[in-house]
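Source file: target_28.txt. Holds: compact mmCIF, C-alpha atoms.
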# COMPACT_ATOMS: atom_id res chain seq x y z
CA MET A 20 103.96 74.06 129.07
CA PRO A 21 107.70 74.01 128.23
CA GLY A 22 108.95 76.96 126.20
CA ARG A 23 105.92 79.17 127.01
CA ARG A 24 106.44 82.30 129.06
CA ALA A 25 103.85 83.36 131.58
CA LEU A 26 101.90 86.47 130.61
CA SER A 27 102.62 89.66 132.49
CA ARG A 28 100.09 90.85 135.07
CA PRO A 29 98.59 93.50 132.73
CA LEU A 30 98.14 90.92 129.94
CA ARG A 31 96.62 88.40 132.37
CA SER A 32 94.22 91.16 133.45
CA PHE A 33 93.36 91.80 129.78
CA VAL A 34 92.62 88.10 129.25
CA GLU A 35 90.42 88.03 132.39
CA GLU A 36 88.46 91.04 131.13
CA LEU A 37 87.95 89.44 127.71
CA VAL A 38 86.78 86.18 129.32
CA LEU A 39 84.22 88.09 131.39
CA CYS A 40 83.12 90.14 128.37
CA VAL A 41 82.59 87.05 126.20
CA ALA A 42 80.79 85.21 129.02
CA ALA A 43 78.46 88.14 129.71
CA ASN A 44 77.78 89.19 126.12
CA GLY A 45 78.42 86.17 123.89
CA ASP A 46 74.81 85.43 123.08
CA ARG A 47 73.39 88.86 123.89
CA GLY A 48 75.17 91.30 121.60
CA PRO A 49 78.18 93.54 121.09
CA ALA A 50 80.10 95.14 123.94
CA LEU A 51 82.73 97.83 124.37
CA SER A 52 85.25 97.69 127.20
CA TRP A 53 88.33 99.51 128.43
CA PRO A 54 91.13 97.91 130.44
CA GLU A 55 90.84 98.12 134.19
CA ASP A 56 94.61 97.88 134.66
CA PRO A 57 96.28 101.14 133.51
CA MET A 58 99.31 99.12 132.40
CA THR A 59 97.35 96.95 129.94
CA LEU A 60 97.63 99.25 126.92
CA PRO A 61 101.40 99.81 127.43
CA ALA A 62 101.84 96.02 127.73
CA LEU A 63 99.85 95.45 124.54
CA LEU A 64 101.94 98.08 122.75
CA GLU A 65 105.11 96.19 123.74
CA LEU A 66 103.97 93.01 121.96
CA PRO A 67 106.13 92.31 118.90
CA ARG A 68 104.39 93.14 115.64
CA PRO A 69 105.33 93.57 112.03
CA ALA A 70 106.23 96.96 110.64
CA ARG A 71 103.39 99.13 109.41
CA PRO A 72 102.89 98.61 105.68
CA THR A 73 103.43 101.30 103.08
CA PRO A 74 101.16 104.34 103.63
CA GLY A 75 97.84 103.97 101.85
CA VAL A 76 97.85 100.18 102.19
CA ASP A 77 95.44 98.53 104.61
CA SER A 78 96.47 95.08 105.71
CA THR A 79 95.73 92.32 108.16
CA VAL A 80 98.63 90.14 109.24
CA PRO A 81 98.83 87.19 111.64
CA GLY A 82 100.03 87.96 115.14
CA GLY A 83 103.51 86.98 116.27
CA PRO A 84 104.89 85.12 119.29
CA GLY A 85 103.62 87.56 121.95
CA THR A 86 100.10 87.67 120.57
CA GLU A 87 100.06 83.90 120.07
CA GLU A 88 100.77 83.43 123.80
CA LEU A 89 97.97 85.88 124.62
CA ALA A 90 95.60 84.08 122.23
CA ALA A 91 96.57 80.67 123.63
CA GLU A 92 95.77 81.77 127.18
CA LEU A 93 92.45 83.28 126.13
CA GLY A 94 91.64 80.14 124.16
CA ARG A 95 92.50 77.94 127.13
CA ARG A 96 90.18 79.97 129.36
CA LEU A 97 87.31 80.02 126.83
CA GLN A 98 87.95 76.49 125.54
CA LEU A 99 88.09 77.89 122.00
CA ARG A 100 90.71 78.29 119.33
CA VAL A 101 91.78 81.94 119.28
CA ARG A 102 93.72 83.37 116.33
CA PRO A 103 95.50 86.75 116.67
CA PHE A 104 95.85 89.31 113.88
CA PHE A 105 97.10 92.87 113.56
CA ARG A 106 95.03 95.19 111.40
CA PHE A 107 96.75 98.30 110.04
CA LEU A 108 94.40 101.01 108.79
CA SER A 109 95.40 104.04 106.73
CA PRO A 110 93.80 107.47 107.11
CA ASP A 111 90.49 108.06 105.31
CA SER A 112 89.95 104.46 104.20
CA PRO A 113 86.54 103.01 105.06
CA VAL A 114 86.55 99.28 105.74
CA VAL A 115 83.72 96.79 106.04
CA GLU A 116 84.62 93.63 107.88
CA SER A 117 82.95 90.79 109.73
CA ALA A 118 84.12 88.01 112.02
CA PRO A 119 85.51 85.17 109.88
CA ASN A 120 83.30 82.13 109.36
CA GLY A 121 80.61 83.60 111.57
CA ALA A 122 82.88 83.43 114.64
CA GLU A 123 83.03 85.94 117.45
CA SER A 124 85.94 88.36 117.60
CA THR A 125 87.41 91.19 119.59
CA GLY A 126 89.17 94.24 118.25
CA THR A 127 91.41 96.35 120.46
CA VAL A 128 92.62 99.72 119.21
CA LEU A 129 96.31 99.90 120.03
CA GLU A 130 97.09 103.19 118.30
CA GLY A 131 94.91 105.76 116.57
CA ALA A 132 91.13 105.92 116.48
CA CYS A 133 88.19 105.22 114.20
CA ARG A 134 84.42 105.28 114.08
CA CYS A 135 82.73 101.89 114.23
CA VAL A 136 79.17 101.08 113.18
CA LEU A 137 77.85 97.62 114.01
CA SER A 138 74.94 95.84 112.41
CA ARG A 139 73.57 92.36 112.00
CA VAL A 140 74.82 90.39 109.01
CA GLY A 141 72.67 91.26 106.00
CA GLU A 142 71.81 94.78 107.25
CA ASP A 143 73.56 97.83 105.83
CA PRO A 144 76.00 99.23 108.43
CA ALA A 145 75.52 102.74 107.05
CA PRO A 146 77.91 105.22 108.67
CA VAL A 147 75.16 107.44 110.10
CA PRO A 148 76.10 109.34 113.28
CA SER A 149 72.71 108.53 114.84
CA HIS A 150 73.03 104.77 114.20
CA PRO A 151 72.20 103.06 117.52
CA LEU A 152 75.31 100.87 117.40
CA GLY A 153 77.79 103.50 116.28
CA MET A 154 80.72 104.62 118.41
CA ARG A 155 84.19 106.13 118.32
CA LEU A 156 86.94 103.65 119.21
CA ARG A 157 90.15 105.03 120.72
CA SER A 158 93.43 103.56 121.92
CA GLY A 159 92.80 100.98 124.63
CA GLY A 160 89.16 100.33 123.75
CA THR A 161 88.12 96.76 122.93
CA LEU A 162 85.05 95.91 120.92
CA PHE A 163 83.47 92.47 121.24
CA VAL A 164 81.68 91.45 118.02
CA PRO A 165 79.36 88.45 118.51
CA GLN A 166 78.37 85.94 115.86
CA GLY A 167 75.97 87.25 113.27
CA HIS A 168 77.29 90.82 113.38
CA THR A 169 79.39 92.87 111.02
CA TYR A 170 81.01 96.26 111.41
CA ARG A 171 82.31 99.17 109.38
CA LEU A 172 85.33 101.18 110.47
CA SER A 173 85.52 104.72 109.11
CA GLU A 174 86.68 108.24 110.01
CA ILE A 175 90.25 107.01 110.23
CA HIS A 176 92.25 110.25 110.38
CA VAL A 177 95.60 108.90 111.58
CA PRO A 178 97.32 105.54 111.04
CA THR A 179 95.44 103.11 113.29
CA THR A 180 96.50 99.69 114.56
CA LEU A 181 94.10 97.09 115.93
CA LEU A 182 94.73 93.76 117.60
CA ARG A 183 91.99 91.39 116.44
CA LEU A 184 91.38 88.10 118.22
CA ASP A 185 89.10 85.67 116.35
CA LEU A 186 87.30 83.23 118.64
CA GLU A 187 86.73 80.04 116.70
CA GLY A 188 85.47 76.52 117.49
CA PRO A 189 86.76 74.41 120.36
CA GLY A 190 90.53 74.56 120.72
Exercise: express the given structure as structure tokens:
Amino acid sequence: MPGRRALSRPLRSFVEELVLCVAANGDRGPALSWPEDPMTLPALLELPRPARPTPGVDSTVPGGPGTEELAAELGRRLQLRVRPFFRFLSPDSPVVESAPNGAESTGTVLEGACRCVLSRVGEDPAPVPSHPLGMRLRSGGTLFVPQGHTYRLSEIHVPTTLLRLDLEGPG
């Protein structure tokens, strides 16, 4: 397509991994993955993004040109509309969030770390260490959240940045 740059090898690898993750887990449940290519996280960190908001403010902002190209390629491969967002989390601020409109989504921790507890919509995602779907997410980790699930991010001790990709209806 004119005007579109090809994705770098690490970003193409990331898209391939997401396609496989969605195909394998889409109707089965959540999944956690790490990039196979060691250059994926550095490539994701090079994507243009807005400045971090004022400390103490949590915000979600739409992705920019680099993430839109990534989302377009993922959408083309999945035959879905994919919308990219950056999520900036401040230390010690618990967040409850779910995929918009019941869609699937992925969340990749670019910087920082947080605890994530998943549950089905309508169940309390209590932040209990023994919760069967609780885990610590660190830089480079990607969480796939299928339809009908919600999650709570907590134990955010340092500023944390996530790249969220919402997988919506046919593109």
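Between atom CA of A:Leu182 and atom CA of A:Thr86 the interatomic distance comes to 8.6 Å.
In this structure, atom CA of A:Leu97 sits 22.9 Å away from atom CA of A:Leu129.
The spacing separating atom CA of A:Leu186 from atom CA of A:Arg100 amounts to 6.0 Å.
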Selection near A:Ala132, 9 Å with all atoms listed in the file, sequence-local residues under 2 positions removed, as a CSV table (one decimal) with C-alpha atoms, keeping the file's coordinate frame:
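The new file result32.csv reads:
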chain,number,residue,atom,x,y,z
A,128,VAL,CA,92.6,99.7,119.2
A,129,LEU,CA,96.3,99.9,120.0
A,130,GLU,CA,97.1,103.2,118.3
A,134,ARG,CA,84.4,105.3,114.1
A,155,ARG,CA,84.2,106.1,118.3
A,156,LEU,CA,86.9,103.6,119.2
A,157,ARG,CA,90.2,105.0,120.7
A,158,SER,CA,93.4,103.6,121.9
A,174,GLU,CA,86.7,108.2,110.0
A,175,ILE,CA,90.2,107.0,110.2
A,176,HIS,CA,92.2,110.2,110.4
A,177,VAL,CA,95.6,108.9,111.6
A,178,PRO,CA,97.3,105.5,111.0
A,179,THR,CA,95.4,103.1,113.3
A,180,THR,CA,96.5,99.7,114.6
Legend entry - Shell of 12 Å around A:Ser117, all atoms listed in the file, local chain residues under 4 positions omitted, as a ChimeraX atom specification: /A:121-126,135-141,144,163-172,183,185
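For the residues A:Ser32, A:Phe107, A:Ala50, A:Ala91, ranking by smallest atom-to-atom distance to A:Pro72 using all atoms listed in the file places A:Phe107 first.
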Legend entry - Residue contacts of stretch 63-71 of chain A (8 Å, all atoms listed in the file) excluding same-chain residues fewer than 3 positions away, as a ChimeraX atom specification: /A:30,59-60,82-86,105,107,129
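If all atoms listed in the file are the atoms counted, then among A:Leu181, A:Val38, A:Leu152, A:Val101 the closest residue to A:Cys133 is A:Leu181.
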With all atoms listed in the file counted, which protein, DNA or RNA residues have an atom no more than 6 Å from (95.8, 87.5, 120.0) in the file frame? Please answer as an mmCIF file with C-alpha atoms, in the frame of the given file.
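So point.cif came out as:
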data_model
loop_
_atom_site.group_PDB
_atom_site.id
_atom_site.type_symbol
_atom_site.label_atom_id
_atom_site.label_comp_id
_atom_site.auth_asym_id
_atom_site.auth_seq_id
_atom_site.Cartn_x
_atom_site.Cartn_y
_atom_site.Cartn_z
ATOM 1 C CA THR A 86 100.100 87.670 120.570
ATOM 2 C CA GLU A 87 100.060 83.900 120.070
ATOM 3 C CA LEU A 89 97.970 85.880 124.620
ATOM 4 C CA ALA A 90 95.600 84.080 122.230
ATOM 5 C CA ARG A 102 93.720 83.370 116.330
ATOM 6 C CA PRO A 103 95.500 86.750 116.670
ATOM 7 C CA LEU A 184 91.380 88.100 118.220
#
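The shortest atom-to-atom distance to A:Arg96, with only C-alpha atoms taken into account, belongs to A:Ala42 out of A:Ala25, A:Leu162, A:Val114, A:Ala42.
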